[in-house]
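What's in protein25.cif: mmCIF, C-alpha atoms
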data_run
#
loop_
_atom_site.label_atom_id
_atom_site.label_comp_id
_atom_site.auth_asym_id
_atom_site.auth_seq_id
_atom_site.Cartn_x
_atom_site.Cartn_y
_atom_site.Cartn_z
CA MET A 1 4.79 -3.22 -54.68
CA THR A 2 2.30 -0.37 -54.90
CA ASP A 3 0.99 -0.39 -58.47
CA LEU A 4 -1.67 2.16 -59.37
CA ARG A 5 -3.69 3.67 -62.19
CA ALA A 6 -3.46 7.40 -62.94
CA ARG A 7 -3.71 10.03 -65.66
CA ILE A 8 -0.50 10.71 -67.59
CA GLY A 9 0.03 13.98 -69.47
CA TYR A 10 0.20 12.89 -73.09
CA CYS A 11 -0.16 15.46 -75.86
CA GLU A 12 -2.04 15.44 -79.13
CA ARG A 13 -0.56 16.25 -82.51
CA THR A 14 -1.40 19.62 -84.04
CA GLU A 15 -0.14 21.60 -87.01
CA LYS A 16 1.22 24.24 -84.66
CA ARG A 17 4.52 23.37 -82.94
CA PRO A 18 4.02 23.17 -79.15
CA TYR A 19 6.11 25.16 -76.69
CA PHE A 20 6.22 25.60 -72.94
CA TYR A 21 7.78 28.03 -70.47
CA ALA A 22 9.68 27.32 -67.28
CA ASN A 23 7.61 29.83 -65.31
CA ALA A 24 4.85 31.54 -67.32
CA HIS A 25 2.76 28.46 -68.01
CA GLU A 26 -0.19 30.64 -68.94
CA LYS A 27 1.71 31.28 -72.19
CA ASP A 28 2.26 27.58 -72.98
CA PHE A 29 0.92 25.91 -76.07
CA VAL A 30 0.83 22.28 -74.96
CA PRO A 31 -2.26 20.48 -76.34
CA LEU A 32 -2.70 18.03 -73.48
CA ALA A 33 -4.57 14.79 -74.07
CA PRO A 34 -4.21 12.92 -70.75
CA VAL A 35 -4.77 9.16 -70.67
CA GLU A 36 -5.39 6.96 -67.66
CA VAL A 37 -2.76 4.21 -67.63
CA ASP A 38 -1.45 1.48 -65.36
CA ILE A 39 1.71 2.62 -63.54
CA ALA A 40 3.77 -0.13 -61.93
CA ASP A 41 5.92 0.32 -58.85
CA ALA A 42 9.48 -0.26 -60.11
CA ARG A 43 10.86 -1.30 -56.73
CA GLY A 44 12.45 -4.73 -56.96
CA ARG A 45 12.26 -4.87 -60.76
CA ASP A 46 16.00 -4.31 -61.39
CA CYS A 47 15.48 -1.63 -64.04
CA SER A 48 18.67 -0.33 -65.65
CA LEU A 49 19.90 2.87 -67.25
CA ASP A 50 20.88 1.22 -70.53
CA VAL A 51 17.69 -0.84 -71.05
CA GLU A 52 14.60 0.79 -69.52
CA GLY A 53 16.49 4.07 -69.03
CA PHE A 54 16.28 4.50 -65.24
CA THR A 55 17.33 3.05 -61.91
CA LEU A 56 17.03 3.80 -58.18
CA ILE A 57 20.01 3.89 -55.83
CA GLU A 58 20.69 4.61 -52.18
CA HIS A 59 22.50 7.94 -51.89
CA GLU A 60 22.76 10.45 -49.05
CA SER A 61 24.17 13.95 -49.06
CA ALA A 62 26.39 15.50 -46.43
CA LEU A 63 24.16 18.59 -46.65
CA ALA A 64 21.36 18.86 -44.11
CA ASP A 65 19.40 21.31 -46.27
CA LEU A 66 19.16 20.46 -49.96
CA THR A 67 16.82 23.40 -50.58
CA ASP A 68 19.79 25.78 -50.17
CA LEU A 69 20.77 25.98 -53.83
CA ALA A 70 23.99 27.89 -53.14
CA GLU A 71 25.20 25.06 -50.89
CA VAL A 72 23.86 22.51 -53.36
CA LYS A 73 26.08 24.08 -56.02
CA ARG A 74 29.08 24.23 -53.69
CA VAL A 75 28.82 20.75 -52.13
CA HIS A 76 26.12 18.54 -53.60
CA SER A 77 27.15 19.00 -57.22
CA GLY A 78 30.45 17.29 -56.45
CA GLU A 79 28.66 14.53 -54.55
CA ILE A 80 26.53 13.78 -57.59
CA ALA A 81 29.49 13.85 -59.95
CA GLU A 82 31.30 11.35 -57.71
CA MET A 83 28.21 9.13 -57.47
CA LEU A 84 27.65 9.13 -61.25
CA THR A 85 31.30 8.35 -61.94
CA GLY A 86 31.11 5.29 -59.70
CA LEU A 87 27.69 4.18 -60.91
CA LEU A 88 28.47 4.52 -64.61
CA GLY A 89 32.16 3.64 -64.67
CA CYS A 90 32.79 6.75 -66.77
CA ASP A 91 35.95 8.86 -66.84
CA HIS A 92 34.49 12.33 -66.32
CA VAL A 93 31.21 13.99 -65.32
CA ALA A 94 30.42 17.62 -66.19
CA MET A 95 27.68 18.91 -63.90
CA ALA A 96 25.06 21.54 -64.77
CA PRO A 97 25.78 24.64 -62.68
CA MET A 98 22.62 24.63 -60.55
CA GLY A 99 20.15 22.23 -59.03
CA ILE A 100 16.43 22.58 -59.77
CA LEU A 101 13.87 22.55 -56.96
CA ARG A 102 10.30 21.60 -57.77
CA PHE A 103 7.25 21.85 -55.54
CA SER A 104 3.82 20.27 -55.64
CA GLU A 105 1.32 23.04 -56.29
CA ARG A 106 -0.15 22.38 -52.84
CA ALA A 107 3.08 23.73 -51.32
CA GLY A 108 2.26 27.23 -52.61
CA ALA A 109 5.94 27.87 -53.36
CA ASN A 110 6.09 28.02 -57.15
CA ALA A 111 5.73 31.79 -57.53
CA VAL A 112 8.94 32.53 -55.60
CA HIS A 113 11.15 29.84 -57.14
CA ASP A 114 12.53 29.73 -60.68
CA ASN A 115 11.43 26.81 -62.89
CA SER A 116 9.77 25.05 -59.94
CA HIS A 117 6.50 23.61 -61.29
CA PRO A 118 6.14 19.83 -61.62
CA ALA A 119 6.13 19.08 -65.36
CA ARG A 120 2.72 17.45 -65.82
CA PHE A 121 3.26 16.86 -69.54
CA VAL A 122 5.53 13.99 -70.59
CA HIS A 123 8.82 15.23 -72.02
CA VAL A 124 12.46 14.09 -72.37
CA ASP A 125 14.42 17.24 -71.26
CA MET A 126 16.14 17.87 -74.63
CA ALA A 127 15.72 16.77 -78.25
CA LYS A 128 18.32 14.42 -79.74
CA GLU A 129 20.30 16.89 -81.86
CA ALA A 130 20.25 19.61 -79.21
CA ALA A 131 21.42 17.12 -76.57
CA ALA A 132 24.30 15.98 -78.78
CA GLY A 133 25.35 19.61 -79.20
CA ALA A 134 25.19 20.21 -75.45
CA ARG A 135 27.36 17.16 -74.80
CA MET A 136 29.96 18.51 -77.20
CA GLN A 137 30.00 21.90 -75.44
CA THR A 138 30.90 20.45 -72.05
CA ALA A 139 33.29 17.77 -73.30
CA PRO A 140 36.74 17.95 -71.65
CA GLU A 141 39.43 19.24 -73.99
CA GLY A 142 42.29 17.07 -75.14
CA CYS A 143 40.48 13.77 -74.57
CA THR A 144 39.35 11.15 -77.07
CA ILE A 145 35.69 10.61 -76.23
CA VAL A 146 34.20 7.27 -77.23
CA ARG A 147 30.82 7.71 -75.55
CA SER A 148 28.80 10.43 -73.82
CA ALA A 149 25.41 10.56 -72.12
CA GLN A 150 23.32 12.96 -70.06
CA TYR A 151 21.62 12.02 -66.79
CA ASN A 152 19.05 13.53 -64.46
CA VAL A 153 19.38 12.68 -60.75
CA TRP A 154 16.00 13.22 -59.06
CA ARG A 155 15.28 12.94 -55.37
CA VAL A 156 12.45 13.89 -53.06
CA LEU A 157 13.18 16.16 -50.11
CA SER A 158 9.77 15.59 -48.52
CA SER A 159 8.52 12.58 -46.60
CA PRO A 160 6.45 9.84 -48.29
CA PRO A 161 3.98 9.29 -49.75
CA GLN A 162 4.46 11.70 -52.66
CA ASP A 163 1.28 13.47 -53.76
CA VAL A 164 2.85 14.16 -57.19
CA PRO A 165 5.35 11.41 -58.07
CA LEU A 166 7.42 11.15 -61.22
CA GLY A 167 6.24 8.72 -63.90
CA LEU A 168 8.78 7.02 -66.19
CA CYS A 169 8.07 5.49 -69.61
CA ASP A 170 10.17 2.35 -70.20
CA TYR A 171 12.39 3.16 -73.19
CA THR A 172 11.93 -0.33 -74.63
CA SER A 173 8.20 0.38 -75.02
CA LEU A 174 8.78 3.62 -76.93
CA ASP A 175 8.47 4.08 -80.67
CA THR A 176 10.38 7.07 -82.00
CA GLY A 177 7.23 8.05 -83.89
CA ASP A 178 5.60 8.71 -80.51
CA LEU A 179 7.74 11.82 -80.00
CA ILE A 180 6.29 15.27 -80.74
CA ASP A 181 8.74 18.09 -81.53
CA CYS A 182 8.37 21.11 -79.24
CA ASP A 183 10.38 23.94 -77.71
CA ALA A 184 11.33 24.48 -74.07
CA ILE A 185 11.61 28.18 -73.21
CA PHE A 186 13.30 29.48 -70.07
CA ASP A 187 12.03 32.81 -68.77
CA PRO A 188 14.15 33.53 -65.65
CA LEU A 189 12.43 35.29 -62.77
CA ASP A 190 15.38 37.68 -62.45
CA GLY A 191 14.50 39.26 -65.79
CA SER A 192 17.38 37.72 -67.74
CA PRO A 193 16.74 37.20 -71.47
CA GLU A 194 14.64 34.22 -72.46
CA TRP A 195 16.41 31.27 -74.01
CA GLY A 196 15.42 27.78 -75.07
CA PHE A 197 16.06 24.63 -77.06
CA PRO A 198 14.17 21.87 -78.89
CA ASN A 199 12.50 19.21 -76.78
CA TYR A 200 9.94 16.42 -77.22
CA LEU A 201 6.47 15.79 -75.88
CA LEU A 202 4.87 12.34 -76.10
CA ALA A 203 1.83 11.08 -78.01
CA TYR A 204 -0.18 8.19 -76.56
CA ASN A 205 0.73 4.66 -77.55
CA PRO A 206 -0.99 1.75 -75.75
CA ALA A 207 2.30 -0.16 -75.90
CA HIS A 208 3.93 2.23 -73.43
CA ARG A 209 4.88 0.73 -70.07
CA TRP A 210 4.82 3.17 -67.16
CA PHE A 211 6.67 2.99 -63.84
CA TYR A 212 7.26 5.04 -60.71
CA TYR A 213 8.93 4.44 -57.35
CA ALA A 214 6.45 4.44 -54.50
CA ASN A 215 7.20 6.20 -51.22
CA MET A 216 10.60 7.59 -52.13
CA HIS A 217 12.63 9.13 -49.32
CA PRO A 218 15.49 11.68 -49.31
CA ALA A 219 18.24 9.04 -48.98
CA GLU A 220 17.34 7.63 -52.40
CA ALA A 221 18.21 8.98 -55.85
CA LEU A 222 16.33 8.20 -59.05
CA VAL A 223 18.81 8.32 -61.92
CA PHE A 224 17.49 8.42 -65.47
CA LYS A 225 19.04 9.02 -68.86
CA THR A 226 18.11 11.99 -71.03
CA SER A 227 20.49 11.49 -73.98
CA GLU A 228 23.02 8.94 -75.24
CA SER A 229 25.62 8.67 -78.00
CA ASP A 230 25.65 4.86 -78.19
CA PRO A 231 22.76 3.68 -80.41
CA GLU A 232 22.79 0.25 -78.75
CA ARG A 233 21.71 1.68 -75.40
CA ALA A 234 18.56 3.39 -74.15
CA GLN A 235 18.57 6.88 -75.66
CA MET A 236 16.21 8.90 -73.47
CA MET A 237 13.63 8.66 -70.73
CA PRO A 238 10.18 10.19 -71.29
CA HIS A 239 8.90 11.31 -67.88
CA GLY A 240 6.26 13.47 -66.29
CA ALA A 241 4.57 14.22 -62.97
CA PHE A 242 1.16 12.81 -62.10
CA ASP A 243 -1.32 13.01 -59.23
CA ASN A 244 -1.02 10.00 -56.95
CA PRO A 245 -4.51 8.57 -56.32
CA LEU A 246 -3.16 6.60 -53.34
CA ALA A 247 -1.80 9.63 -51.47
CA PRO A 248 -4.07 10.94 -48.68
CA LYS A 249 -5.38 14.47 -49.01
CA ASP A 250 -3.19 15.59 -46.11
CA ALA A 251 0.02 14.12 -47.56
CA VAL A 252 3.04 16.39 -47.28
CA PRO A 253 3.37 18.31 -50.59
CA ARG A 254 6.21 16.99 -52.72
CA ILE A 255 9.51 18.84 -52.80
CA SER A 256 12.13 17.46 -55.17
CA LEU A 257 15.62 18.32 -56.35
CA GLU A 258 17.05 17.64 -59.81
CA MET A 259 20.76 17.53 -60.55
CA ARG A 260 21.94 17.07 -64.12
CA GLY A 261 25.28 15.76 -65.31
CA THR A 262 26.94 14.68 -68.56
CA ALA A 263 29.15 11.59 -68.47
CA TYR A 264 32.11 10.95 -70.77
CA TRP A 265 34.05 7.79 -71.49
CA PHE A 266 37.55 8.19 -72.94
CA GLY A 267 39.28 5.99 -75.49
#
What is this file in structure tokens?
Amino acid sequence: MTDLRARIGYCERTEKRPYFYANAHEKDFVPLAPVEVDIADARGRDCSLDVEGFTLIEHESALADLTDLAEVKRVHSGEIAEMLTGLLGCDHVAMAPMGILRFSERAGANAVHDNSHPARFVHVDMAKEAAAGARMQTAPEGCTIVRSAQYNVWRVLSSPPQDVPLGLCDYTSLDTGDLIDCDAIFDPLDGSPEWGFPNYLLAYNPAHRWFYYANMHPAEALVFKTSESDPERAQMMPHGAFDNPLAPKDAVPRISLEMRGTAYWFG
């Protein structure tokens, strides 16, 4: 295992509600208060989606180029839906329409890709009430739904080691009072109208337990939960990018792909 110590992008509490943009980060109001924490390598620890909130699986795509988002939508979206259905034992998966590519700043690619910066502040993707509403919107008609949950499937497309890995905060170490209400604002590069939804940032709590997966490769998929209807299961996964102090200066800049799906279980 390759444990390490690094700075995690916590936020401080202020009277003003924070907000952040997908692209124009110069307009963000995110009062960062980074803290150096121990981050354990989760390999071999048998972490689960319904306890800690995340897991790592072996998964390969038939696509040779996962940076081609048109082909990702046409082919890879179905691959992820099939994988999630088998992994979760659910009855249906509704996939988000597009994958999201993210690039380490060292790649110099962020300006030409939409929503492509690594999120260096800890967040959960969508606040509880907004996530519940989103799950209702994509629910299949005519079915009795007994449970629903949203998942993020994250994989690297670059070779290890990652210069900017993804840190994961074990849900069992989280206190709901640690969450800071904020807004996520999407400002598409094509000039489409801005839109957004409530989200959470994370305040520091020394009880938090942090993990990452060292030296990920493209044939692996990190699956983590971002919302859940069952109160007896992990509800969300605070996560954020961090600089890897163990990566050499000439490490290949990280490229990653996110696919998002909502799972439904029928009665």
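Counting only C-alpha atoms, the residue from A:Pro198, A:Pro218, A:Gly261, A:Gly108 that sits nearest to Ala149 of chain A is A:Gly261.
Of the listed residues (A:Cys169, A:Val75, A:Ala251, A:Ala64), A:Cys169 comes nearest to Tyr212 of chain A; the distances count only C-alpha atoms.
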Using all atoms listed in the file, can you tell me which of A:Gln235, A:Ser159, A:Thr14, A:Thr138 comes closest to Met216 of chain A? A:Ser159
If we count all atoms listed in the file and set the cut-off at 12 Å, which residues sit around Arg43 of chain A, ignoring sequence neighbours fewer than 3 positions away in its own chain? Please answer as a list in words. Met1, Thr2, Asp3, Ala40, Asp46, Cys47, Ser48, Phe54, Thr55, Leu56, Ile57, Phe211, Tyr212, Tyr213, Ala214, Asn215, Met216, Glu220 and Leu222 of chain A
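Checking A:Ala111, A:Leu87, A:Leu202, A:Ala119 one by one against Tyr151 of chain A, counting only C-alpha atoms, you find the shortest gap at A:Leu87.
Distance annotation: of A:Asp68, A:Asp91, A:Asp163, A:Glu58, the residue with the minimal separation from Pro140 of chain A is A:Asp91; atom set is all atoms listed in the file.
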Segment 77-83 of chain A surroundings by all atoms listed in the file, 12 Å radius, close-in-sequence under 2 positions cut, as a ChimeraX atom specification: /A:57-63,66,69-75,85-100,150-155,221-223,257-264
The PyMOL selection byres ((chain A and resi 12) around 12) applied to the shown file, residues as a ChimeraX atom specification: /A:9-11,13-18,29-35,121-122,178-182,201-205
Would you mind listing what lies within 8 Å of Leu246 of chain A as a PyMOL selection string, with all atoms listed in the file counted and same-chain residues fewer than 2 positions away left out? chain A and resi 4+244+248
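In terms of minimum interatomic distance to Ala127 of chain A, A:Asp183 ranks closest within A:Glu52, A:Asp41, A:Asp243, A:Asp183, counting only C-alpha atoms.
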Selection result of the PyMOL selection byres ((chain A and resi 131) around 9) on this file, as an MDAnalysis selection string: chainID A and resid 125:130 132:136 149:150 198 226:228
Calculate how many Å separate atom CA of Met236 of chain A from atom CA of Arg209 of chain A, rounding to one decimal. 14.4 Å
Quote the spacing between atom CA of Pro238 of chain A and atom CA of Val124 of chain A in Å to one decimal place. 4.6 Å
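Between atom CA of Thr172 of chain A and atom CA of Ala207 of chain A the interatomic distance comes to 9.7 Å.
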Given the PyMOL selection byres ((chain A and resi 242) around 7) and the file above, list the residues it selects as a VMD selection string. chain A and resid 7 to 8 120 164 to 167 240 to 241 243 to 244
With all atoms of segment 81-91 of chain A from the file as input, state the centre and edge lengths in Å to one decimal of the axis-aligned box that has 8 Å extra on each side, as AutoDock Vina command-line options.
--center_x 31.8 --center_y 8.7 --center_z -62.2 --size_x 24.3 --size_y 26.2 --size_z 25.4
List every protein, DNA or RNA residue with an atom no more than 6 Å from (-2.7, 2.4, -66.4) in the file's coordinates, counting all atoms listed in the file, and format the result as a ChimeraX atom specification. /A:5,36-39
Could you write segment 149-160 of chain A as an mmCIF file, keeping the file's coordinate frame, with all heavy atoms rebuilt where they are missing?
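What follows is the written file out_12.cif:
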data_model
loop_
_atom_site.group_PDB
_atom_site.id
_atom_site.type_symbol
_atom_site.label_atom_id
_atom_site.label_comp_id
_atom_site.auth_asym_id
_atom_site.auth_seq_id
_atom_site.Cartn_x
_atom_site.Cartn_y
_atom_site.Cartn_z
ATOM 1 N N ALA A 149 26.831 10.677 -72.442
ATOM 2 C CA ALA A 149 25.410 10.560 -72.120
ATOM 3 C C ALA A 149 25.050 11.563 -71.033
ATOM 4 O O ALA A 149 25.892 11.910 -70.196
ATOM 5 C CB ALA A 149 25.064 9.142 -71.664
ATOM 6 N N GLN A 150 23.810 12.024 -71.073
ATOM 7 C CA GLN A 150 23.320 12.960 -70.060
ATOM 8 C C GLN A 150 22.375 12.238 -69.102
ATOM 9 O O GLN A 150 21.603 11.359 -69.507
ATOM 10 C CB GLN A 150 22.565 14.115 -70.725
ATOM 11 C CG GLN A 150 23.461 15.053 -71.515
ATOM 12 C CD GLN A 150 22.641 16.055 -72.323
ATOM 13 O OE1 GLN A 150 21.724 15.676 -73.039
ATOM 14 N NE2 GLN A 150 22.986 17.323 -72.227
ATOM 15 N N TYR A 151 22.425 12.656 -67.825
ATOM 16 C CA TYR A 151 21.620 12.020 -66.790
ATOM 17 C C TYR A 151 20.955 13.077 -65.914
ATOM 18 O O TYR A 151 21.504 14.156 -65.678
ATOM 19 C CB TYR A 151 22.481 11.106 -65.910
ATOM 20 C CG TYR A 151 23.087 9.963 -66.683
ATOM 21 C CD1 TYR A 151 24.321 10.111 -67.318
ATOM 22 C CD2 TYR A 151 22.421 8.750 -66.814
ATOM 23 C CE1 TYR A 151 24.881 9.088 -68.057
ATOM 24 C CE2 TYR A 151 22.978 7.714 -67.549
ATOM 25 C CZ TYR A 151 24.198 7.888 -68.173
ATOM 26 O OH TYR A 151 24.746 6.859 -68.911
ATOM 27 N N ASN A 152 19.774 12.730 -65.434
ATOM 28 C CA ASN A 152 19.050 13.530 -64.460
ATOM 29 C C ASN A 152 19.022 12.721 -63.163
ATOM 30 O O ASN A 152 18.674 11.534 -63.180
ATOM 31 C CB ASN A 152 17.623 13.791 -64.966
ATOM 32 C CG ASN A 152 16.868 14.796 -64.125
ATOM 33 O OD1 ASN A 152 16.972 14.819 -62.912
ATOM 34 N ND2 ASN A 152 16.053 15.604 -64.784
ATOM 35 N N VAL A 153 19.417 13.339 -62.065
ATOM 36 C CA VAL A 153 19.380 12.680 -60.750
ATOM 37 C C VAL A 153 18.302 13.380 -59.935
ATOM 38 O O VAL A 153 18.426 14.559 -59.590
ATOM 39 C CB VAL A 153 20.752 12.765 -60.050
ATOM 40 C CG1 VAL A 153 20.686 12.061 -58.692
ATOM 41 C CG2 VAL A 153 21.835 12.143 -60.921
ATOM 42 N N TRP A 154 17.231 12.656 -59.642
ATOM 43 C CA TRP A 154 16.000 13.220 -59.060
ATOM 44 C C TRP A 154 15.779 12.613 -57.691
ATOM 45 O O TRP A 154 15.816 11.392 -57.546
ATOM 46 C CB TRP A 154 14.851 12.893 -60.006
ATOM 47 C CG TRP A 154 13.529 13.542 -59.743
ATOM 48 C CD1 TRP A 154 13.056 14.695 -60.299
ATOM 49 C CD2 TRP A 154 12.468 13.054 -58.907
ATOM 50 N NE1 TRP A 154 11.772 14.949 -59.864
ATOM 51 C CE2 TRP A 154 11.403 13.958 -59.007
ATOM 52 C CE3 TRP A 154 12.323 11.933 -58.083
ATOM 53 C CZ2 TRP A 154 10.197 13.796 -58.310
ATOM 54 C CZ3 TRP A 154 11.140 11.759 -57.382
ATOM 55 C CH2 TRP A 154 10.091 12.688 -57.504
ATOM 56 N N ARG A 155 15.568 13.466 -56.707
ATOM 57 C CA ARG A 155 15.280 12.940 -55.370
ATOM 58 C C ARG A 155 14.195 13.783 -54.706
ATOM 59 O O ARG A 155 14.043 14.974 -55.003
ATOM 60 C CB ARG A 155 16.515 12.903 -54.480
ATOM 61 C CG ARG A 155 16.957 14.240 -53.952
ATOM 62 C CD ARG A 155 18.097 14.061 -52.950
ATOM 63 N NE ARG A 155 19.324 13.650 -53.575
ATOM 64 C CZ ARG A 155 20.078 12.632 -53.142
ATOM 65 N NH1 ARG A 155 19.736 11.935 -52.089
ATOM 66 N NH2 ARG A 155 21.208 12.339 -53.757
ATOM 67 N N VAL A 156 13.432 13.146 -53.840
ATOM 68 C CA VAL A 156 12.450 13.890 -53.060
ATOM 69 C C VAL A 156 13.137 14.419 -51.807
ATOM 70 O O VAL A 156 14.067 13.796 -51.276
ATOM 71 C CB VAL A 156 11.241 13.009 -52.683
ATOM 72 C CG1 VAL A 156 10.487 12.561 -53.923
ATOM 73 C CG2 VAL A 156 11.658 11.814 -51.843
ATOM 74 N N LEU A 157 12.698 15.576 -51.364
ATOM 75 C CA LEU A 157 13.180 16.160 -50.110
ATOM 76 C C LEU A 157 12.093 16.133 -49.049
ATOM 77 O O LEU A 157 12.333 16.536 -47.911
ATOM 78 C CB LEU A 157 13.647 17.602 -50.347
ATOM 79 C CG LEU A 157 14.688 17.798 -51.452
ATOM 80 C CD1 LEU A 157 15.109 19.268 -51.524
ATOM 81 C CD2 LEU A 157 15.898 16.904 -51.245
ATOM 82 N N SER A 158 10.912 15.663 -49.431
ATOM 83 C CA SER A 158 9.770 15.590 -48.520
ATOM 84 C C SER A 158 9.522 14.128 -48.156
ATOM 85 O O SER A 158 9.962 13.210 -48.845
ATOM 86 C CB SER A 158 8.528 16.189 -49.190
ATOM 87 O OG SER A 158 8.373 15.675 -50.499
ATOM 88 N N SER A 159 8.782 13.936 -47.070
ATOM 89 C CA SER A 159 8.520 12.580 -46.600
ATOM 90 C C SER A 159 7.448 11.903 -47.450
ATOM 91 O O SER A 159 6.626 12.565 -48.079
ATOM 92 C CB SER A 159 8.073 12.626 -45.132
ATOM 93 O OG SER A 159 6.915 13.440 -44.982
ATOM 94 N N PRO A 160 7.462 10.569 -47.514
ATOM 95 C CA PRO A 160 6.450 9.840 -48.290
ATOM 96 C C PRO A 160 5.109 9.854 -47.563
ATOM 97 O O PRO A 160 5.055 10.123 -46.354
ATOM 98 C CB PRO A 160 7.030 8.423 -48.358
ATOM 99 C CG PRO A 160 7.908 8.307 -47.150
ATOM 100 C CD PRO A 160 8.463 9.684 -46.913
#
